[in-house]
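Okay, so here's the structure we're looking at.
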Amino acid sequence: RKKDKGSSEPVIKKAAAAVCVGMGSFADPPKAQGLAHFLEHMLFMGSSVFPDENEYDSYLSKHGGSSNAFTETEYTCYHFEVNREYLKGALDRFSQFFVSPLVKAEAMDREILAVDSEFNQVLQSDSCRLYQLQSHTCSQGHPLNRFTWGNKKSLSNAMGSGINLREEILQMYMSNYHGGMMKLVIIGGEPLDTLEAWTMELFSEVKAGPLLEISPKTDMPFWKSGKLYKLEAVRDVHSLFLSWTLPCLHKEYMKKPEDYLAHLLGHEGKGSLLYFLKAKGWASTLSAGVGTGGTQRSSYAYIFEMSIRLSDSGLKNLFEVITAVYQYINLLKQSEPQEWIFKELQDIGYMEFRFAEEQPPDDYVVDLAENMLFYSEKHIISGEYIYEGWEPELVKHVLSFFHPDNMRVDILSRSFDKQSQAIRCEPWFGSQYIEEDIPSSLIESWRNPVEIDGNFHLPRKNEYIPGDFSLRNASIPKSSNDDNPRCIVDEPFIKLWHKMDITFNVPRANAYFLISVKDGCSSLRNSVLTDLFANLLKDELNEVLYQAYVAKLETSLSVVGSNLELKLYGYNDKLAILLSHILAASQSFSPKIDRFEVIKEDLERAYRNTNMKPMSHSTYLRLQFLRQIFWDVNEKLKVLATLTFSDLAAFVPELLSQLHIEGLCHGNLSGDEAINISKIFQNTLSGQTLSVEARHGERVLCIPHGANFIRSVRVKNDLEENSVVEVYFPVEQDIGKDSTRLRAITDLFSNIIEEPCFDQLRTKEQLGYTVDSSPRMTYRLLAYCFRVMSSKYSPVYLQSRIDNFIDGLSALLDGLEEETFEHHKSGLIAQKLEKDPSLSYQTGDYWSQITDKRYMFDMSKLEAEELRTVGKEDVISWYNAYIRSSSPTRRRLAIHVYGCNSDIAEAAKLQEQSWTAIDDVESLKGSSQFYPSLC
């Protein structure tokens with residue numbers, strides 16, 4: 001086994017494999033829409049050699065693995081990962097998907113429900129509704145003019161009209177699932193000869209067939225020209241989407257003309273389209289380019305889409321916004337394509353390839369299998385990064401497709417005329433839309449813009465592209481220990497942790513900072529003002545942050561609890577310069593009134609859109625219950641409406657008057673460079689030190705033993721059919737000498753029951769598409785959580801099925817064979833000892849230790865050691881203490897989010913079953929105990 005530089009331990013990585021089959025939903029027969037997706041589901045349901053439906057998932061789960069699959073328009077991908085020594089057993093089970101799937105009739109009825117549940121998850125997704133509207137209004141007979149998801153209606157209707165669905169699936173399988181259509185990628189720890197021998201042995205029975213050629217097709221137009229589609233939005237947004245169809249550019253992947261144009265049309269610096277639209281107060285964000293999905297990059301065409309998030313004023317001036325787009329396009333047509341811009345993209349692409357961070361094996365096999373479909377053999381690994389062969393004529397040719405007769409316009413907004421006589425209904429999602437003609441005079445003016453606004457010009461050269469790629473660890477002896485971060489600055493104002501990377505050897509660094517501010521969330525009003533400040537500061541810095549982002553040095557600034565969290569990550573060469581710019585701008589920040597109004601409108605929308613998804617709504621309700629200070633988003637919305645520009649201007653100096661910073665510098669930075677970064681903070685920010693007492697500590701509610709609290713709430717979106725049940729069992733506060741053992745046992749319990757839980761509640765009972773069970777760590781309170789989302793069953797029923805499963809765990813754990821238990825244990829130990837795939841994963845682990853104030857940087861290793869002495873009886877006694885219904889020390893919090901089709905009046909039934917209903921969370925908190933603050 002290969003060893004890390006400077007590390008005495010072997011590298012432990014998972015093995016993984018993926019198969020991409022060159023057939024997707026474009027192959028659906030019109031009479032059975034969603035068939036390719038349904039076939040993907042059915043291949044998991046057992047094979048001739050392994051007839052048990054959950055044999056594959058069970059094997060993976062026992063050996064530290066997991067699996068998934070997805071259906072694109074022109075291919076379908078299946079993939080898994082597993083602990084490396086069990087790769088052959090996993091491949092054995094996996095290969096049978098492509099040799100002898102059973103496609104059992106009785107499993108089909110159940111799996112139709114799984115496909116239906118999956119579709120119901122996206123019923124209220126604006127992006128999915130828009131995609132389906134674009135498919136629905138596509139030219140008749142075009143492959144895009146179909147319903148790719150599939151649901152109970154499309155598949156059952158097919159059966160109702162006399163189609164034998166099983167025969168159709170087998171026909172689709174026999175025609176397309178053969179060697180010529182498949183690309184297989186395997187990553188394992190064995191020598192290549194061994195992996196090749198296994199491939200020959202296990203996949204030799206895959207039927208042979210002609211080689212797949214995804215070749216460009218000339219075809220009819222996708223959409224009618226000169227139309228404007230207005231789609232009623234679920235969330236509070238105004239989004240404008242402009243789409244142009246380009247020829248299929250599969251063969252031009254080394255030249256990437258579409259990326260050159262995306263770089264210019266999506267730019268955010270001075271002279272750009274977005275810069276102009278923001279100055280007018282019409283837009284807040286803009287993105288442009290050809291998406292990575294199969295629809296956007298099919299053999300029929302590439303679809304170049306520009307999406308613009310509009311303000312209220314931008315919506316009113318919709319056609320002026322599109323006029324500005326065509327003025328900028330005209331600027332590009334009038335200026336010769338610039339080789340220096342291509343060269344910048346080429347340099348960034350080369351740099352990204354040369355210093356690519358390793359991905360988790362599961363993601364990497366999928367990427368490579370997809371790449372094998374589109375790139376030549378020698379570019380399978382490098383294809384997405386390459387820019388070779390500057391061809392200005394090709395850029396001009398692609399740019400020639402950007403004209404109004406080849407444009408589709410979609411508007412997604414809540415401002416939708418519900419009284420209009422022209423309303424139509426998209427049949428699968430039931431979404432309302434209006435199709436209008438764009439006046440021909442406007443189209444003519446876009447075709448030949450009279451003038452180009454003087455503010456438009458091409459971007460300037462990017463000063464953030466790194467030039468120094470030297471490694472700081474070159475002078476470190478190879479034998480030195482790959483130790484943990486060390487605290488190298490510990491002053492009242494700033495505390496800084498540092499670790500120079502000696503593992504990944506890339507010229508990248510991650511610098512993360514938690515900035516405690518004065519009274520950032522001590523009141524509802526302050527909390528809203530802090531959100532406003534953070535958003536206005538990001539807006540002010542946007543041009544600088546965007547240039548750095550293009551050069552792969554990224555920034556995130558967010559409000560986390562009562563603190564600001566600032567993260568810089570990417571190439572280290574210009575990191576300190578970027579940090580200086582950000583801190584200087586924060587120090588001298590004074591908001592501008594015109595931007596204040598736009599950002600306030602944006603924040604209002606963000607508040608309104610909070611909790612629109614039932615899953616995030618249930619998480620929100622759980623945190624609202626547990627955290628001592630938690631400002632409700634509806635209350636925040638009311639306060640926001642009352643705030644003025646002068647309120648914010650007065651608040652900012654006060655907010656920044658006292659500060660404390662705790663940070664981590666990790667990667668290609670020396671100790672001196674990290675100390676220099678701490679000095680940038682000290683020299684730039686003039687705030688005094690925020691005292692320890694004034695720093696906000698999170699306190700979490702201590703649910704008493706034997707308590708059963710329940711919170712029942714309706715979904716926020718009246719049309720949302722999905723209900724969610726989240727059942728949360730607190731374990732203990734994560735402190736003291738026994739905490740490592742407790743975490744290890746909790747993880748082992750999870751590892752043992754995760755697959756049986758999924759198999760029972762989803763595969764067998766078909767409660768819903770999303771079924772999960774896993775540990776939770778909420779501000780150092782360890783807990784265990786079961787969660788189900790269902791569009792079919794009410795929360796009361798879901799709760800009863802979760803309870804039934806939990807009651808059955810006693811027998812499952814008692815009956816667990818010693819060998820199986822040991823497999824779970826060794827699988828989890830291997831997982832704990834698995835090396836982080838990249839610098840950013842490792843930084844994330846370290847950073848969570850710092851923000852949790854645990855500072856146990858080798859936590860996984862300590863848990864792995866603890867696991868070696870854990871026996872089956874330890875897991876059983878953990879279950880008996882914290883989860884089992886008869887336990888006097890068990891505590892429960894259930895969150896029930898009621899979908900629009902379930903009756904919340906049913907919630908009353910649960911109070912007869914010893915549940916305590918909580919309607920007023922704040923008054924409960926007023927009379928409750930809280931754990932002492934740990935972070």
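The way I read the labels, and the way they are meant: chains A, B, ... in the order of the structure tokens, residue 1 as the first residue of every chain, and ligand 1 as the first ligand shown, with later ones counted on from there.
The shell of residues at most 10 Å from Val544 of chain A, with only C-alpha atoms counted and near chain neighbours (fewer than 4 positions) removed, consists of Glu268, Gly269, Asn462, Glu463, Tyr464, Lys538, Glu540, Ala548, Tyr549, Leu578, His581 and Ile582 of chain A.
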Would you mind exporting the chosen residues as an mmCIF file, in the first residue's frame, restricted to C-alpha atoms?
```cif
data_model
loop_
_atom_site.group_PDB
_atom_site.id
_atom_site.type_symbol
_atom_site.label_atom_id
_atom_site.label_comp_id
_atom_site.auth_asym_id
_atom_site.auth_seq_id
_atom_site.Cartn_x
_atom_site.Cartn_y
_atom_site.Cartn_z
ATOM 1 C CA GLU A 268 -19.746 40.400 -13.377
ATOM 2 C CA GLY A 269 -16.965 43.005 -13.587
ATOM 3 C CA ASN A 462 -7.671 39.234 -14.344
ATOM 4 C CA GLU A 463 -5.128 40.180 -11.663
ATOM 5 C CA TYR A 464 -6.027 37.185 -9.493
ATOM 6 C CA LYS A 538 -21.062 40.966 -0.529
ATOM 7 C CA GLU A 540 -20.164 45.918 -2.613
ATOM 8 C CA ALA A 548 -10.936 35.969 -7.863
ATOM 9 C CA TYR A 549 -13.636 33.301 -8.331
ATOM 10 C CA LEU A 578 -7.846 39.162 -1.613
ATOM 11 C CA HIS A 581 -9.311 43.849 -0.154
ATOM 12 C CA ILE A 582 -12.215 42.231 1.700
#
```
Check the DSSP output for the backbone and give back, as a PDB file with N, CA, C and O atoms, in the first residue's frame, the residues of segment 272-456 of chain A in strand (DSSP E).
```pdb
ATOM      1  N   ALA A 283     -31.527  43.992 -11.725  1.00  0.00           N
ATOM      2  CA  ALA A 283     -31.175  42.573 -11.527  1.00  0.00           C
ATOM      3  C   ALA A 283     -30.206  42.431 -10.363  1.00  0.00           C
ATOM      4  O   ALA A 283     -29.478  43.370 -10.030  1.00  0.00           O
ATOM      5  N   SER A 284     -30.214  41.248  -9.756  1.00  0.00           N
ATOM      6  CA  SER A 284     -29.253  41.012  -8.667  1.00  0.00           C
ATOM      7  C   SER A 284     -28.233  39.936  -9.034  1.00  0.00           C
ATOM      8  O   SER A 284     -27.107  39.970  -8.571  1.00  0.00           O
ATOM      9  N   THR A 285     -28.621  38.954  -9.841  1.00  0.00           N
ATOM     10  CA  THR A 285     -27.644  37.935 -10.259  1.00  0.00           C
ATOM     11  C   THR A 285     -27.880  37.584 -11.718  1.00  0.00           C
ATOM     12  O   THR A 285     -28.986  37.779 -12.247  1.00  0.00           O
ATOM     13  N   LEU A 286     -26.824  37.043 -12.334  1.00  0.00           N
ATOM     14  CA  LEU A 286     -26.942  36.593 -13.729  1.00  0.00           C
ATOM     15  C   LEU A 286     -25.987  35.424 -13.908  1.00  0.00           C
ATOM     16  O   LEU A 286     -24.860  35.459 -13.418  1.00  0.00           O
ATOM     17  N   SER A 287     -26.458  34.386 -14.567  1.00  0.00           N
ATOM     18  CA  SER A 287     -25.517  33.319 -14.943  1.00  0.00           C
ATOM     19  C   SER A 287     -25.794  32.953 -16.390  1.00  0.00           C
ATOM     20  O   SER A 287     -26.919  33.113 -16.875  1.00  0.00           O
ATOM     21  N   ALA A 288     -24.746  32.487 -17.069  1.00  0.00           N
ATOM     22  CA  ALA A 288     -24.902  32.191 -18.495  1.00  0.00           C
ATOM     23  C   ALA A 288     -24.019  31.016 -18.872  1.00  0.00           C
ATOM     24  O   ALA A 288     -22.935  30.842 -18.326  1.00  0.00           O
ATOM     25  N   GLY A 289     -24.508  30.204 -19.781  1.00  0.00           N
ATOM     26  CA  GLY A 289     -23.683  29.105 -20.282  1.00  0.00           C
ATOM     27  C   GLY A 289     -24.510  27.886 -20.635  1.00  0.00           C
ATOM     28  O   GLY A 289     -25.734  27.872 -20.480  1.00  0.00           O
ATOM     29  N   VAL A 290     -23.812  26.860 -21.108  1.00  0.00           N
ATOM     30  CA  VAL A 290     -24.442  25.585 -21.432  1.00  0.00           C
ATOM     31  C   VAL A 290     -24.330  24.717 -20.182  1.00  0.00           C
ATOM     32  O   VAL A 290     -23.226  24.468 -19.701  1.00  0.00           O
ATOM     33  N   TYR A 302     -26.869  21.925 -28.366  1.00  0.00           N
ATOM     34  CA  TYR A 302     -26.475  22.461 -27.059  1.00  0.00           C
ATOM     35  C   TYR A 302     -27.464  23.598 -26.763  1.00  0.00           C
ATOM     36  O   TYR A 302     -27.821  24.351 -27.673  1.00  0.00           O
ATOM     37  N   ILE A 303     -27.901  23.702 -25.530  1.00  0.00           N
ATOM     38  CA  ILE A 303     -28.795  24.807 -25.163  1.00  0.00           C
ATOM     39  C   ILE A 303     -28.019  25.768 -24.269  1.00  0.00           C
ATOM     40  O   ILE A 303     -27.578  25.401 -23.175  1.00  0.00           O
ATOM     41  N   PHE A 304     -27.835  26.981 -24.759  1.00  0.00           N
ATOM     42  CA  PHE A 304     -27.145  28.022 -23.996  1.00  0.00           C
ATOM     43  C   PHE A 304     -28.214  28.838 -23.285  1.00  0.00           C
ATOM     44  O   PHE A 304     -29.113  29.388 -23.922  1.00  0.00           O
ATOM     45  N   GLU A 305     -28.122  28.890 -21.959  1.00  0.00           N
ATOM     46  CA  GLU A 305     -29.179  29.582 -21.204  1.00  0.00           C
ATOM     47  C   GLU A 305     -28.580  30.713 -20.382  1.00  0.00           C
ATOM     48  O   GLU A 305     -27.524  30.562 -19.773  1.00  0.00           O
ATOM     49  N   MET A 306     -29.278  31.833 -20.389  1.00  0.00           N
ATOM     50  CA  MET A 306     -28.916  32.935 -19.506  1.00  0.00           C
ATOM     51  C   MET A 306     -30.058  33.098 -18.510  1.00  0.00           C
ATOM     52  O   MET A 306     -31.217  33.192 -18.922  1.00  0.00           O
ATOM     53  N   SER A 307     -29.732  33.056 -17.220  1.00  0.00           N
ATOM     54  CA  SER A 307     -30.806  33.270 -16.251  1.00  0.00           C
ATOM     55  C   SER A 307     -30.474  34.521 -15.443  1.00  0.00           C
ATOM     56  O   SER A 307     -29.335  34.696 -14.986  1.00  0.00           O
ATOM     57  N   ILE A 308     -31.465  35.402 -15.321  1.00  0.00           N
ATOM     58  CA  ILE A 308     -31.275  36.695 -14.655  1.00  0.00           C
ATOM     59  C   ILE A 308     -32.305  36.813 -13.543  1.00  0.00           C
ATOM     60  O   ILE A 308     -33.514  36.684 -13.790  1.00  0.00           O
ATOM     61  N   ARG A 309     -31.833  37.030 -12.320  1.00  0.00           N
ATOM     62  CA  ARG A 309     -32.747  37.242 -11.187  1.00  0.00           C
ATOM     63  C   ARG A 309     -33.125  38.717 -11.185  1.00  0.00           C
ATOM     64  O   ARG A 309     -32.273  39.573 -10.960  1.00  0.00           O
ATOM     65  N   LEU A 310     -34.394  39.005 -11.448  1.00  0.00           N
ATOM     66  CA  LEU A 310     -34.844  40.391 -11.602  1.00  0.00           C
ATOM     67  C   LEU A 310     -35.392  40.949 -10.298  1.00  0.00           C
ATOM     68  O   LEU A 310     -35.926  40.216  -9.454  1.00  0.00           O
ATOM     69  N   MET A 407     -34.343  32.454 -30.158  1.00  0.00           N
ATOM     70  CA  MET A 407     -34.347  32.641 -28.703  1.00  0.00           C
ATOM     71  C   MET A 407     -35.696  32.228 -28.117  1.00  0.00           C
ATOM     72  O   MET A 407     -36.743  32.501 -28.692  1.00  0.00           O
ATOM     73  N   ARG A 408     -35.609  31.582 -26.963  1.00  0.00           N
ATOM     74  CA  ARG A 408     -36.822  31.302 -26.198  1.00  0.00           C
ATOM     75  C   ARG A 408     -36.779  32.180 -24.939  1.00  0.00           C
ATOM     76  O   ARG A 408     -35.733  32.300 -24.296  1.00  0.00           O
ATOM     77  N   VAL A 409     -37.907  32.773 -24.571  1.00  0.00           N
ATOM     78  CA  VAL A 409     -37.977  33.626 -23.381  1.00  0.00           C
ATOM     79  C   VAL A 409     -38.959  33.019 -22.383  1.00  0.00           C
ATOM     80  O   VAL A 409     -40.126  32.760 -22.725  1.00  0.00           O
ATOM     81  N   ASP A 410     -38.474  32.765 -21.170  1.00  0.00           N
ATOM     82  CA  ASP A 410     -39.346  32.285 -20.093  1.00  0.00           C
ATOM     83  C   ASP A 410     -39.244  33.237 -18.909  1.00  0.00           C
ATOM     84  O   ASP A 410     -38.140  33.668 -18.557  1.00  0.00           O
ATOM     85  N   ILE A 411     -40.377  33.532 -18.322  1.00  0.00           N
ATOM     86  CA  ILE A 411     -40.406  34.345 -17.098  1.00  0.00           C
ATOM     87  C   ILE A 411     -41.054  33.506 -16.009  1.00  0.00           C
ATOM     88  O   ILE A 411     -42.162  32.985 -16.194  1.00  0.00           O
ATOM     89  N   LEU A 412     -40.351  33.383 -14.905  1.00  0.00           N
ATOM     90  CA  LEU A 412     -40.864  32.612 -13.768  1.00  0.00           C
ATOM     91  C   LEU A 412     -41.112  33.623 -12.661  1.00  0.00           C
ATOM     92  O   LEU A 412     -40.175  34.293 -12.213  1.00  0.00           O
ATOM     93  N   SER A 413     -42.364  33.781 -12.254  1.00  0.00           N
ATOM     94  CA  SER A 413     -42.657  34.826 -11.264  1.00  0.00           C
ATOM     95  C   SER A 413     -43.946  34.531 -10.516  1.00  0.00           C
ATOM     96  O   SER A 413     -44.853  33.880 -11.035  1.00  0.00           O
ATOM     97  N   ARG A 424     -52.933  28.443 -19.504  1.00  0.00           N
ATOM     98  CA  ARG A 424     -52.950  27.017 -19.868  1.00  0.00           C
ATOM     99  C   ARG A 424     -52.337  26.230 -18.713  1.00  0.00           C
ATOM    100  O   ARG A 424     -51.739  26.813 -17.809  1.00  0.00           O
ATOM    101  N   CYS A 425     -52.449  24.922 -18.816  1.00  0.00           N
ATOM    102  CA  CYS A 425     -51.954  24.080 -17.726  1.00  0.00           C
ATOM    103  C   CYS A 425     -51.004  23.028 -18.297  1.00  0.00           C
ATOM    104  O   CYS A 425     -51.365  22.312 -19.237  1.00  0.00           O
ATOM    105  N   GLN A 432     -49.369  26.464 -14.016  1.00  0.00           N
ATOM    106  CA  GLN A 432     -50.095  27.385 -14.902  1.00  0.00           C
ATOM    107  C   GLN A 432     -49.101  28.243 -15.680  1.00  0.00           C
ATOM    108  O   GLN A 432     -48.108  28.706 -15.120  1.00  0.00           O
ATOM    109  N   TYR A 433     -49.410  28.442 -16.961  1.00  0.00           N
ATOM    110  CA  TYR A 433     -48.517  29.280 -17.767  1.00  0.00           C
ATOM    111  C   TYR A 433     -49.323  29.996 -18.835  1.00  0.00           C
ATOM    112  O   TYR A 433     -50.485  29.649 -19.130  1.00  0.00           O
ATOM    113  N   ILE A 434     -48.714  31.046 -19.378  1.00  0.00           N
ATOM    114  CA  ILE A 434     -49.335  31.825 -20.458  1.00  0.00           C
ATOM    115  C   ILE A 434     -48.299  31.915 -21.582  1.00  0.00           C
ATOM    116  O   ILE A 434     -47.119  32.144 -21.327  1.00  0.00           O
ATOM    117  N   GLU A 435     -48.758  31.699 -22.799  1.00  0.00           N
ATOM    118  CA  GLU A 435     -47.869  31.837 -23.971  1.00  0.00           C
ATOM    119  C   GLU A 435     -48.294  33.095 -24.707  1.00  0.00           C
ATOM    120  O   GLU A 435     -49.462  33.246 -25.057  1.00  0.00           O
ATOM    121  N   GLU A 436     -47.344  34.017 -24.910  1.00  0.00           N
ATOM    122  CA  GLU A 436     -47.669  35.273 -25.599  1.00  0.00           C
ATOM    123  C   GLU A 436     -46.732  35.485 -26.779  1.00  0.00           C
ATOM    124  O   GLU A 436     -45.608  34.985 -26.787  1.00  0.00           O
ATOM    125  N   ASP A 437     -47.196  36.277 -27.745  1.00  0.00           N
ATOM    126  CA  ASP A 437     -46.322  36.675 -28.858  1.00  0.00           C
ATOM    127  C   ASP A 437     -45.534  37.909 -28.444  1.00  0.00           C
ATOM    128  O   ASP A 437     -46.097  38.841 -27.861  1.00  0.00           O
TER     129      ASP A 437
END
```
Who sits within 7 Å of Phe513 of chain A, only C-alpha atoms, same chain under 6 positions skipped, as a ChimeraX atom specification: /A:565-567,661-664
Export of prior selection with N, CA and C atoms as a compact mmCIF listing (two decimals), in the first residue's frame:
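What ended up in again.txt:
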```txt
# COMPACT_ATOMS: atom_id res chain seq x y z
N GLU A 565 -19.14 34.32 9.23
CA GLU A 565 -18.16 33.31 8.84
C GLU A 565 -17.61 33.69 7.47
N LEU A 566 -16.30 33.88 7.41
CA LEU A 566 -15.64 34.25 6.16
C LEU A 566 -14.71 33.11 5.77
N LYS A 567 -14.87 32.63 4.53
CA LYS A 567 -14.01 31.54 4.05
C LYS A 567 -13.37 31.95 2.73
N ILE A 661 -11.80 37.28 16.51
CA ILE A 661 -11.65 36.40 15.34
C ILE A 661 -10.96 35.11 15.77
N GLU A 662 -11.54 33.99 15.32
CA GLU A 662 -10.84 32.71 15.45
C GLU A 662 -10.76 32.12 14.05
N GLY A 663 -9.54 31.72 13.66
CA GLY A 663 -9.37 31.28 12.27
C GLY A 663 -8.49 30.06 12.13
N LEU A 664 -8.51 29.52 10.90
CA LEU A 664 -7.69 28.35 10.55
C LEU A 664 -7.06 28.62 9.18
```
Near-Glu258 of chain A list (10 Å; only C-alpha atoms; drop same-chain fewer than 2 positions) as a PyMOL selection string: chain A and resi 246+249+252-253+255-256+260-263+288-290+302-304+394-395+398-399
Expected file contents, prior selection, N, CA, C and O atoms, as a compact mmCIF listing (two decimals), in the first residue's frame:
```txt
# COMPACT_ATOMS: atom_id res chain seq x y z
N LEU A 246 -27.77 25.93 -29.87
CA LEU A 246 -26.54 25.95 -30.66
C LEU A 246 -26.38 24.58 -31.29
O LEU A 246 -26.97 23.60 -30.82
N LEU A 249 -21.97 20.47 -29.97
CA LEU A 249 -20.53 20.80 -29.97
C LEU A 249 -19.69 19.70 -29.33
O LEU A 249 -18.58 19.96 -28.86
N GLU A 252 -16.19 19.57 -30.42
CA GLU A 252 -15.36 20.77 -30.23
C GLU A 252 -14.91 20.93 -28.78
O GLU A 252 -14.63 22.02 -28.33
N TYR A 253 -14.87 19.79 -28.05
CA TYR A 253 -14.62 19.92 -26.61
C TYR A 253 -13.24 20.49 -26.28
O TYR A 253 -13.02 21.00 -25.20
N LYS A 255 -11.92 22.99 -27.94
CA LYS A 255 -11.93 24.43 -28.27
C LYS A 255 -12.91 25.20 -27.39
O LYS A 255 -12.75 26.39 -27.15
N LYS A 256 -13.99 24.53 -26.97
CA LYS A 256 -14.95 25.10 -26.02
C LYS A 256 -15.42 26.53 -26.36
O LYS A 256 -15.35 27.44 -25.53
N TYR A 260 -16.12 30.14 -23.87
CA TYR A 260 -15.57 31.49 -24.13
C TYR A 260 -16.71 32.51 -24.06
O TYR A 260 -16.60 33.56 -23.42
N LEU A 261 -17.84 32.19 -24.71
CA LEU A 261 -18.98 33.13 -24.73
C LEU A 261 -19.65 33.21 -23.36
O LEU A 261 -20.09 34.28 -22.93
N ALA A 262 -19.71 32.08 -22.65
CA ALA A 262 -20.31 32.09 -21.31
C ALA A 262 -19.49 32.98 -20.38
O ALA A 262 -20.03 33.70 -19.53
N HIS A 263 -18.16 32.94 -20.55
CA HIS A 263 -17.26 33.75 -19.71
C HIS A 263 -17.59 35.24 -19.88
O HIS A 263 -17.61 36.00 -18.91
N ALA A 288 -24.75 32.49 -17.07
CA ALA A 288 -24.90 32.19 -18.49
C ALA A 288 -24.02 31.02 -18.87
O ALA A 288 -22.94 30.84 -18.33
N GLY A 289 -24.51 30.20 -19.78
CA GLY A 289 -23.68 29.10 -20.28
C GLY A 289 -24.51 27.89 -20.64
O GLY A 289 -25.73 27.87 -20.48
N VAL A 290 -23.81 26.86 -21.11
CA VAL A 290 -24.44 25.59 -21.43
C VAL A 290 -24.33 24.72 -20.18
O VAL A 290 -23.23 24.47 -19.70
N TYR A 302 -26.87 21.92 -28.37
CA TYR A 302 -26.47 22.46 -27.06
C TYR A 302 -27.46 23.60 -26.76
O TYR A 302 -27.82 24.35 -27.67
N ILE A 303 -27.90 23.70 -25.53
CA ILE A 303 -28.79 24.81 -25.16
C ILE A 303 -28.02 25.77 -24.27
O ILE A 303 -27.58 25.40 -23.18
N PHE A 304 -27.84 26.98 -24.76
CA PHE A 304 -27.15 28.02 -24.00
C PHE A 304 -28.21 28.84 -23.29
O PHE A 304 -29.11 29.39 -23.92
N LEU A 394 -14.67 29.87 -35.28
CA LEU A 394 -15.64 28.97 -34.61
C LEU A 394 -16.44 29.78 -33.58
O LEU A 394 -17.66 29.61 -33.46
N VAL A 395 -15.76 30.68 -32.85
CA VAL A 395 -16.46 31.54 -31.88
C VAL A 395 -17.51 32.38 -32.61
O VAL A 395 -18.66 32.49 -32.17
N VAL A 398 -20.52 30.23 -33.62
CA VAL A 398 -21.42 29.93 -32.50
C VAL A 398 -22.18 31.20 -32.10
O VAL A 398 -23.39 31.17 -31.83
N LEU A 399 -21.48 32.35 -32.10
CA LEU A 399 -22.12 33.62 -31.74
C LEU A 399 -23.25 33.98 -32.71
O LEU A 399 -24.22 34.64 -32.33
```
Segment 851-855 of chain A environment, 12 Å, only C-alpha atoms, sequence neighbours closer than 3 positions dropped, as a ChimeraX atom specification: /A:484-487,497,512-516,560-561,563-565,661-664,697-698,734-736,739-740,777-781,844-848,858-859,933-935
Every residue of segment 642-889 of chain A that DSSP places in helix (DSSP H, G or I), as a PyMOL selection string: chain A and resi 642+645-655+671-684+739-764+795-814+818-833+839-851+859-867+872-882
Atomic distance atom CA of Ile675 of chain A - atom CA of Leu496 of chain A, expressed in Å with one decimal: 8.1 Å
8 Å contact set for Thr843 of chain A, only C-alpha atoms, chain neighbours under 4 positions out, as a VMD selection string: chain A and resid 510 666 839 847
Using only C-alpha atoms, tabulate the residues of segment 807-883 of chain A lying at most 10 Å from any atom of segment 354-376 of chain A, each with its closest atom pair and that distance in Å to one decimal, by chain and increasing residue number, as a Markdown table.
```
| residue | atom | partner | partner_atom | distance |
| --- | --- | --- | --- | --- |
| A:Asp836 | CA | A:Pro360 | CA | 8.3 |
| A:Pro837 | CA | A:Glu358 | CA | 5.5 |
| A:Ser838 | CA | A:Glu358 | CA | 5.3 |
| A:Leu839 | CA | A:Glu357 | CA | 7.4 |
| A:Ser840 | CA | A:Glu357 | CA | 8.4 |
| A:Tyr841 | CA | A:Gln359 | CA | 9.4 |
```
Residues of segment 604-633 of chain A within 12 Å of segment 906-922 of chain A: nearest atom pair and distance (Å, one decimal) for each, counting only C-alpha atoms, sorted by chain and number, as JSON lines?
```
{"residue": "A:Leu621", "atom": "CA", "partner": "A:Val921", "partner_atom": "CA", "distance": 9.6}
{"residue": "A:Arg622", "atom": "CA", "partner": "A:Val921", "partner_atom": "CA", "distance": 10.5}
{"residue": "A:Leu623", "atom": "CA", "partner": "A:Val921", "partner_atom": "CA", "distance": 11.0}
{"residue": "A:Gln624", "atom": "CA", "partner": "A:Val921", "partner_atom": "CA", "distance": 7.9}
{"residue": "A:Phe625", "atom": "CA", "partner": "A:Val921", "partner_atom": "CA", "distance": 6.3}
{"residue": "A:Leu626", "atom": "CA", "partner": "A:Val921", "partner_atom": "CA", "distance": 9.4}
{"residue": "A:Arg627", "atom": "CA", "partner": "A:Glu922", "partner_atom": "CA", "distance": 10.4}
{"residue": "A:Gln628", "atom": "CA", "partner": "A:Glu922", "partner_atom": "CA", "distance": 8.9}
{"residue": "A:Ile629", "atom": "CA", "partner": "A:Glu922", "partner_atom": "CA", "distance": 9.5}
{"residue": "A:Phe630", "atom": "CA", "partner": "A:Glu922", "partner_atom": "CA", "distance": 9.4}
{"residue": "A:Trp631", "atom": "CA", "partner": "A:Glu922", "partner_atom": "CA", "distance": 10.3}
{"residue": "A:Asp632", "atom": "CA", "partner": "A:Glu922", "partner_atom": "CA", "distance": 10.4}
```
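From atom CA of Arg787 of chain A back to atom CA of Asp772 of chain A, the distance works out to 5.3 Å.
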